[in-house]
Amino acid sequence: MRIIEQHQILEQDKRGNPWLSLSVWDLSPDQTSFQGVRSHLLDCRTGKYHSLQELAEEISTNPLSSREVEVLNLIKEGVA
């Protein structure tokens, strides 16, 4: 069964990362046979569609700030 899943970001943190979103699922009117998964995201501000592969390439290898990494290391060591 093919579905359409939509997410709307409701709020972002200071760095622009979404932390609250709304998700809606609906049956797709296109129920033709298809093997695999097709995914893309729509930027509501620009109206541009992005493939998930395209977005994955844009994400850095370490999306955490140096302070976030430091805090996680302290937690790991049992200091925090």
# chains A, B, ... in the order shown; residues from 1 in each chain; ligands from 1
$ residues_around --residues "Trp19 in chain A" --least-positions-apart "4" --cutoff "12 Å" --atoms "only C-alpha atoms" --output "PDB file with N, CA and C atoms, in the first residue's frame"
ATOM      1  N   GLN A   8       5.320  18.735   9.049  1.00  0.00           N
ATOM      2  CA  GLN A   8       5.447  20.187   9.105  1.00  0.00           C
ATOM      3  C   GLN A   8       6.199  20.553  10.372  1.00  0.00           C
ATOM      4  N   ILE A   9       7.302  21.269  10.206  1.00  0.00           N
ATOM      5  CA  ILE A   9       8.079  21.709  11.365  1.00  0.00           C
ATOM      6  C   ILE A   9       7.315  22.839  12.045  1.00  0.00           C
ATOM      7  N   LEU A  10       7.052  22.670  13.328  1.00  0.00           N
ATOM      8  CA  LEU A  10       6.324  23.685  14.081  1.00  0.00           C
ATOM      9  C   LEU A  10       7.250  24.620  14.831  1.00  0.00           C
ATOM     10  N   GLU A  11       8.342  24.062  15.379  1.00  0.00           N
ATOM     11  CA  GLU A  11       9.299  24.902  16.100  1.00  0.00           C
ATOM     12  C   GLU A  11      10.708  24.375  15.896  1.00  0.00           C
ATOM     13  N   GLN A  12      11.676  25.304  15.946  1.00  0.00           N
ATOM     14  CA  GLN A  12      13.079  24.956  15.805  1.00  0.00           C
ATOM     15  C   GLN A  12      13.848  25.502  16.996  1.00  0.00           C
ATOM     16  N   ASP A  13      15.018  24.882  17.250  1.00  0.00           N
ATOM     17  CA  ASP A  13      15.876  25.401  18.313  1.00  0.00           C
ATOM     18  C   ASP A  13      16.688  26.588  17.774  1.00  0.00           C
ATOM     19  N   LYS A  14      17.582  27.114  18.589  1.00  0.00           N
ATOM     20  CA  LYS A  14      18.364  28.294  18.205  1.00  0.00           C
ATOM     21  C   LYS A  14      19.267  28.043  17.005  1.00  0.00           C
ATOM     22  N   ARG A  15      19.665  26.785  16.785  1.00  0.00           N
ATOM     23  CA  ARG A  15      20.539  26.438  15.661  1.00  0.00           C
ATOM     24  C   ARG A  15      19.752  26.122  14.395  1.00  0.00           C
TER      25      ARG A  15
END
$ residues_around --residues "range 22-27 of chain A" --least-positions-apart "5" --cutoff "9 Å" --atoms "only C-alpha atoms" --output "list in words"
Met1, Arg2, Ile3, Ile4, Glu5, Gln6, His7, Gln8, Ile9 and Leu10 of chain A
$ write_last_selection --atoms "all heavy atoms" --output "tab-separated table (two decimals), in the first residue's frame"
chain	number	residue	atom	x	y	z
A	1	MET	N	0.84	-1.17	0.00
A	1	MET	CA	0.00	0.00	0.00
A	1	MET	C	0.89	1.24	0.00
A	1	MET	O	1.84	1.33	0.77
A	1	MET	CB	-0.91	0.00	1.22
A	1	MET	CG	-1.79	1.22	1.28
A	1	MET	SD	-2.98	1.15	2.62
A	1	MET	CE	-3.98	-0.18	2.07
A	2	ARG	N	0.59	2.14	-0.83
A	2	ARG	CA	1.35	3.38	-0.94
A	2	ARG	C	0.70	4.47	-0.10
A	2	ARG	O	-0.52	4.64	-0.13
A	2	ARG	CB	1.36	3.82	-2.40
A	2	ARG	CG	2.64	4.44	-2.81
A	2	ARG	CD	2.57	4.79	-4.25
A	2	ARG	NE	3.31	3.76	-4.96
A	2	ARG	CZ	3.58	3.82	-6.24
A	2	ARG	NH1	3.14	4.81	-6.95
A	2	ARG	NH2	4.27	2.88	-6.81
A	3	ILE	N	1.52	5.17	0.66
A	3	ILE	CA	1.01	6.26	1.50
A	3	ILE	C	1.76	7.55	1.20
A	3	ILE	O	2.84	7.54	0.62
A	3	ILE	CB	1.13	5.95	3.00
A	3	ILE	CG1	2.60	5.79	3.39
A	3	ILE	CG2	0.31	4.75	3.39
A	3	ILE	CD1	2.83	5.83	4.88
A	4	ILE	N	1.16	8.63	1.60
A	4	ILE	CA	1.82	9.93	1.56
A	4	ILE	C	2.01	10.35	3.01
A	4	ILE	O	1.06	10.39	3.79
A	4	ILE	CB	0.96	10.97	0.82
A	4	ILE	CG1	0.75	10.54	-0.63
A	4	ILE	CG2	1.61	12.36	0.91
A	4	ILE	CD1	-0.25	11.40	-1.37
A	5	GLU	N	3.24	10.63	3.37
A	5	GLU	CA	3.55	11.07	4.73
A	5	GLU	C	4.07	12.50	4.65
A	5	GLU	O	4.99	12.80	3.91
A	5	GLU	CB	4.60	10.16	5.35
A	5	GLU	CG	4.95	10.53	6.77
A	5	GLU	CD	5.98	9.59	7.36
A	5	GLU	OE1	6.51	8.72	6.66
A	5	GLU	OE2	6.26	9.75	8.56
A	6	GLN	N	3.45	13.37	5.41
A	6	GLN	CA	3.85	14.78	5.40
A	6	GLN	C	4.22	15.22	6.81
A	6	GLN	O	3.56	14.84	7.77
A	6	GLN	CB	2.70	15.64	4.89
A	6	GLN	CG	2.24	15.30	3.50
A	6	GLN	CD	1.06	16.13	3.08
A	6	GLN	OE1	1.12	17.35	3.10
A	6	GLN	NE2	-0.01	15.46	2.71
A	7	HIS	N	5.27	16.00	6.90
A	7	HIS	CA	5.70	16.55	8.18
A	7	HIS	C	5.78	18.07	8.05
A	7	HIS	O	6.27	18.58	7.06
A	7	HIS	CB	7.09	16.02	8.58
A	7	HIS	CG	7.12	14.56	8.79
A	7	HIS	ND1	6.84	13.99	10.01
A	7	HIS	CD2	7.37	13.53	7.96
A	7	HIS	CE1	6.93	12.68	9.90
A	7	HIS	NE2	7.26	12.38	8.66
A	8	GLN	N	5.32	18.74	9.05
A	8	GLN	CA	5.45	20.19	9.11
A	8	GLN	C	6.20	20.55	10.37
A	8	GLN	O	5.80	20.17	11.47
A	8	GLN	CB	4.06	20.86	9.12
A	8	GLN	CG	4.09	22.36	9.25
A	8	GLN	CD	4.73	23.05	8.05
A	8	GLN	OE1	4.43	22.70	6.92
A	8	GLN	NE2	5.59	23.99	8.30
A	9	ILE	N	7.30	21.27	10.21
A	9	ILE	CA	8.08	21.71	11.36
A	9	ILE	C	7.31	22.84	12.04
A	9	ILE	O	6.97	23.83	11.42
A	9	ILE	CB	9.48	22.17	10.94
A	9	ILE	CG1	10.25	20.98	10.36
A	9	ILE	CG2	10.23	22.78	12.13
A	9	ILE	CD1	11.57	21.35	9.73
A	10	LEU	N	7.05	22.67	13.33
A	10	LEU	CA	6.32	23.69	14.08
A	10	LEU	C	7.25	24.62	14.83
A	10	LEU	O	6.99	25.81	14.94
A	10	LEU	CB	5.35	23.01	15.06
A	10	LEU	CG	4.30	22.11	14.41
A	10	LEU	CD1	3.44	21.46	15.49
A	10	LEU	CD2	3.44	22.88	13.43
$ select_by_dssp --residues "range 10-74 of chain A" --states "strand (DSSP E or B)" --output "list in words"
Leu10, Glu11, Gln12, Pro18, Trp19, Leu20, Ser21, Leu22, Ser23, Val24, Trp25, Asp26, Leu27, His40, Leu41, Leu42, Tyr49, His50 and Ser51 of chain A
$ select_by_dssp --residues "chain A" --states "helix (DSSP H, G or I)" --output "ChimeraX atom specification"
/A:52-58,66-77
$ atom_distance --atom1 "CA of Pro63 in chain A" --atom2 "CA of Asp43 in chain A"
20.2 Å
$ residues_around --residues "Leu41 in chain A" --least-positions-apart "4" --cutoff "10 Å" --atoms "only C-alpha atoms" --output "ChimeraX atom specification"
/A:6-7,47-52,55
$ decode --residues "range 22-36 of chain A" --atoms "all heavy atoms" --output "JSON list (two decimals), in the first residue's frame"
[["chain", "number", "residue", "atom", "x", "y", "z"],
["A", 22, "LEU", "N", 4.68, 18.21, 13.13],
["A", 22, "LEU", "CA", 3.38, 17.57, 12.97],
["A", 22, "LEU", "C", 3.49, 16.61, 11.80],
["A", 22, "LEU", "O", 4.04, 16.96, 10.75],
["A", 22, "LEU", "CB", 2.31, 18.63, 12.69],
["A", 22, "LEU", "CG", 0.91, 18.12, 12.34],
["A", 22, "LEU", "CD1", 0.28, 17.45, 13.56],
["A", 22, "LEU", "CD2", 0.06, 19.27, 11.85],
["A", 23, "SER", "N", 2.99, 15.38, 11.96],
["A", 23, "SER", "CA", 3.06, 14.38, 10.90],
["A", 23, "SER", "C", 1.64, 13.96, 10.51],
["A", 23, "SER", "O", 0.80, 13.75, 11.37],
["A", 23, "SER", "CB", 3.83, 13.16, 11.39],
["A", 23, "SER", "OG", 3.83, 12.15, 10.42],
["A", 24, "VAL", "N", 1.42, 13.84, 9.20],
["A", 24, "VAL", "CA", 0.12, 13.40, 8.67],
["A", 24, "VAL", "C", 0.37, 12.30, 7.65],
["A", 24, "VAL", "O", 1.21, 12.45, 6.77],
["A", 24, "VAL", "CB", -0.63, 14.58, 7.98],
["A", 24, "VAL", "CG1", -1.93, 14.09, 7.37],
["A", 24, "VAL", "CG2", -0.87, 15.70, 8.96],
["A", 25, "TRP", "N", -0.36, 11.20, 7.78],
["A", 25, "TRP", "CA", -0.29, 10.09, 6.82],
["A", 25, "TRP", "C", -1.62, 10.00, 6.09],
["A", 25, "TRP", "O", -2.68, 10.17, 6.70],
["A", 25, "TRP", "CB", -0.04, 8.77, 7.53],
["A", 25, "TRP", "CG", 1.33, 8.61, 8.09],
["A", 25, "TRP", "CD1", 2.13, 9.57, 8.63],
["A", 25, "TRP", "CD2", 2.05, 7.40, 8.19],
["A", 25, "TRP", "NE1", 3.30, 9.04, 9.07],
["A", 25, "TRP", "CE2", 3.28, 7.70, 8.81],
["A", 25, "TRP", "CE3", 1.81, 6.11, 7.82],
["A", 25, "TRP", "CZ2", 4.25, 6.74, 9.05],
["A", 25, "TRP", "CZ3", 2.76, 5.15, 8.07],
["A", 25, "TRP", "CH2", 3.97, 5.47, 8.68],
["A", 26, "ASP", "N", -1.56, 9.71, 4.80],
["A", 26, "ASP", "CA", -2.77, 9.58, 4.01],
["A", 26, "ASP", "C", -2.53, 8.52, 2.94],
["A", 26, "ASP", "O", -1.40, 8.30, 2.52],
["A", 26, "ASP", "CB", -3.12, 10.92, 3.35],
["A", 26, "ASP", "CG", -4.56, 11.01, 2.90],
["A", 26, "ASP", "OD1", -5.31, 10.03, 3.09],
["A", 26, "ASP", "OD2", -4.93, 12.06, 2.36],
["A", 27, "LEU", "N", -3.60, 7.86, 2.48],
["A", 27, "LEU", "CA", -3.46, 6.91, 1.39],
["A", 27, "LEU", "C", -3.20, 7.67, 0.10],
["A", 27, "LEU", "O", -3.86, 8.66, -0.20],
["A", 27, "LEU", "CB", -4.73, 6.08, 1.23],
["A", 27, "LEU", "CG", -5.03, 5.10, 2.35],
["A", 27, "LEU", "CD1", -6.35, 4.40, 2.08],
["A", 27, "LEU", "CD2", -3.92, 4.08, 2.48],
["A", 28, "SER", "N", -2.22, 7.21, -0.67],
["A", 28, "SER", "CA", -1.90, 7.84, -1.94],
["A", 28, "SER", "C", -2.92, 7.44, -2.99],
["A", 28, "SER", "O", -3.33, 6.27, -3.06],
["A", 28, "SER", "CB", -0.51, 7.41, -2.40],
["A", 28, "SER", "OG", -0.26, 7.86, -3.70],
["A", 29, "PRO", "N", -3.34, 8.37, -3.83],
["A", 29, "PRO", "CA", -4.25, 7.99, -4.92],
["A", 29, "PRO", "C", -3.54, 7.12, -5.96],
["A", 29, "PRO", "O", -4.17, 6.39, -6.71],
["A", 29, "PRO", "CB", -4.68, 9.33, -5.53],
["A", 29, "PRO", "CG", -3.67, 10.32, -5.08],
["A", 29, "PRO", "CD", -3.09, 9.80, -3.80],
["A", 30, "ASP", "N", -2.21, 7.15, -6.01],
["A", 30, "ASP", "CA", -1.42, 6.34, -6.94],
["A", 30, "ASP", "C", -1.09, 5.00, -6.29],
["A", 30, "ASP", "O", -0.16, 4.90, -5.51],
["A", 30, "ASP", "CB", -0.14, 7.09, -7.31],
["A", 30, "ASP", "CG", 0.74, 6.29, -8.25],
["A", 30, "ASP", "OD1", 0.29, 5.25, -8.78],
["A", 30, "ASP", "OD2", 1.89, 6.70, -8.44],
["A", 31, "GLN", "N", -1.84, 3.97, -6.60],
["A", 31, "GLN", "CA", -1.61, 2.64, -6.03],
["A", 31, "GLN", "C", -1.09, 1.67, -7.08],
["A", 31, "GLN", "O", -1.27, 0.47, -6.96],
["A", 31, "GLN", "CB", -2.90, 2.11, -5.39],
["A", 31, "GLN", "CG", -3.34, 2.86, -4.15],
["A", 31, "GLN", "CD", -2.35, 2.74, -3.00],
["A", 31, "GLN", "OE1", -1.75, 1.70, -2.78],
["A", 31, "GLN", "NE2", -2.17, 3.83, -2.28],
["A", 32, "THR", "N", -0.39, 2.19, -8.11],
["A", 32, "THR", "CA", 0.18, 1.32, -9.13],
["A", 32, "THR", "C", 1.32, 0.51, -8.53],
["A", 32, "THR", "O", 1.88, 0.86, -7.50],
["A", 32, "THR", "CB", 0.72, 2.15, -10.32],
["A", 32, "THR", "OG1", 1.69, 3.07, -9.84],
["A", 32, "THR", "CG2", -0.39, 2.90, -11.02],
["A", 33, "SER", "N", 1.67, -0.58, -9.19],
["A", 33, "SER", "CA", 2.72, -1.46, -8.70],
["A", 33, "SER", "C", 4.07, -0.75, -8.76],
["A", 33, "SER", "O", 4.43, -0.13, -9.76],
["A", 33, "SER", "CB", 2.77, -2.72, -9.55],
["A", 33, "SER", "OG", 3.81, -3.56, -9.13],
["A", 34, "PHE", "N", 4.83, -0.82, -7.67],
["A", 34, "PHE", "CA", 6.15, -0.20, -7.61],
["A", 34, "PHE", "C", 6.98, -0.94, -6.58],
["A", 34, "PHE", "O", 6.51, -1.20, -5.47],
["A", 34, "PHE", "CB", 6.03, 1.28, -7.22],
["A", 34, "PHE", "CG", 7.36, 1.97, -7.04],
["A", 34, "PHE", "CD1", 8.11, 2.32, -8.14],
["A", 34, "PHE", "CD2", 7.85, 2.24, -5.78],
["A", 34, "PHE", "CE1", 9.34, 2.95, -8.00],
["A", 34, "PHE", "CE2", 9.08, 2.87, -5.62],
["A", 34, "PHE", "CZ", 9.82, 3.23, -6.74],
["A", 35, "GLN", "N", 8.20, -1.30, -6.94],
["A", 35, "GLN", "CA", 9.12, -1.98, -6.03],
["A", 35, "GLN", "C", 10.14, -0.98, -5.53],
["A", 35, "GLN", "O", 10.91, -0.45, -6.30],
["A", 35, "GLN", "CB", 9.82, -3.14, -6.73],
["A", 35, "GLN", "CG", 8.89, -4.19, -7.28],
["A", 35, "GLN", "CD", 8.11, -4.89, -6.18],
["A", 35, "GLN", "OE1", 8.64, -5.17, -5.12],
["A", 35, "GLN", "NE2", 6.84, -5.16, -6.45],
["A", 36, "GLY", "N", 10.14, -0.70, -4.24],
["A", 36, "GLY", "CA", 11.11, 0.23, -3.69],
["A", 36, "GLY", "C", 10.45, 1.35, -2.92],
["A", 36, "GLY", "O", 9.25, 1.33, -2.66]]
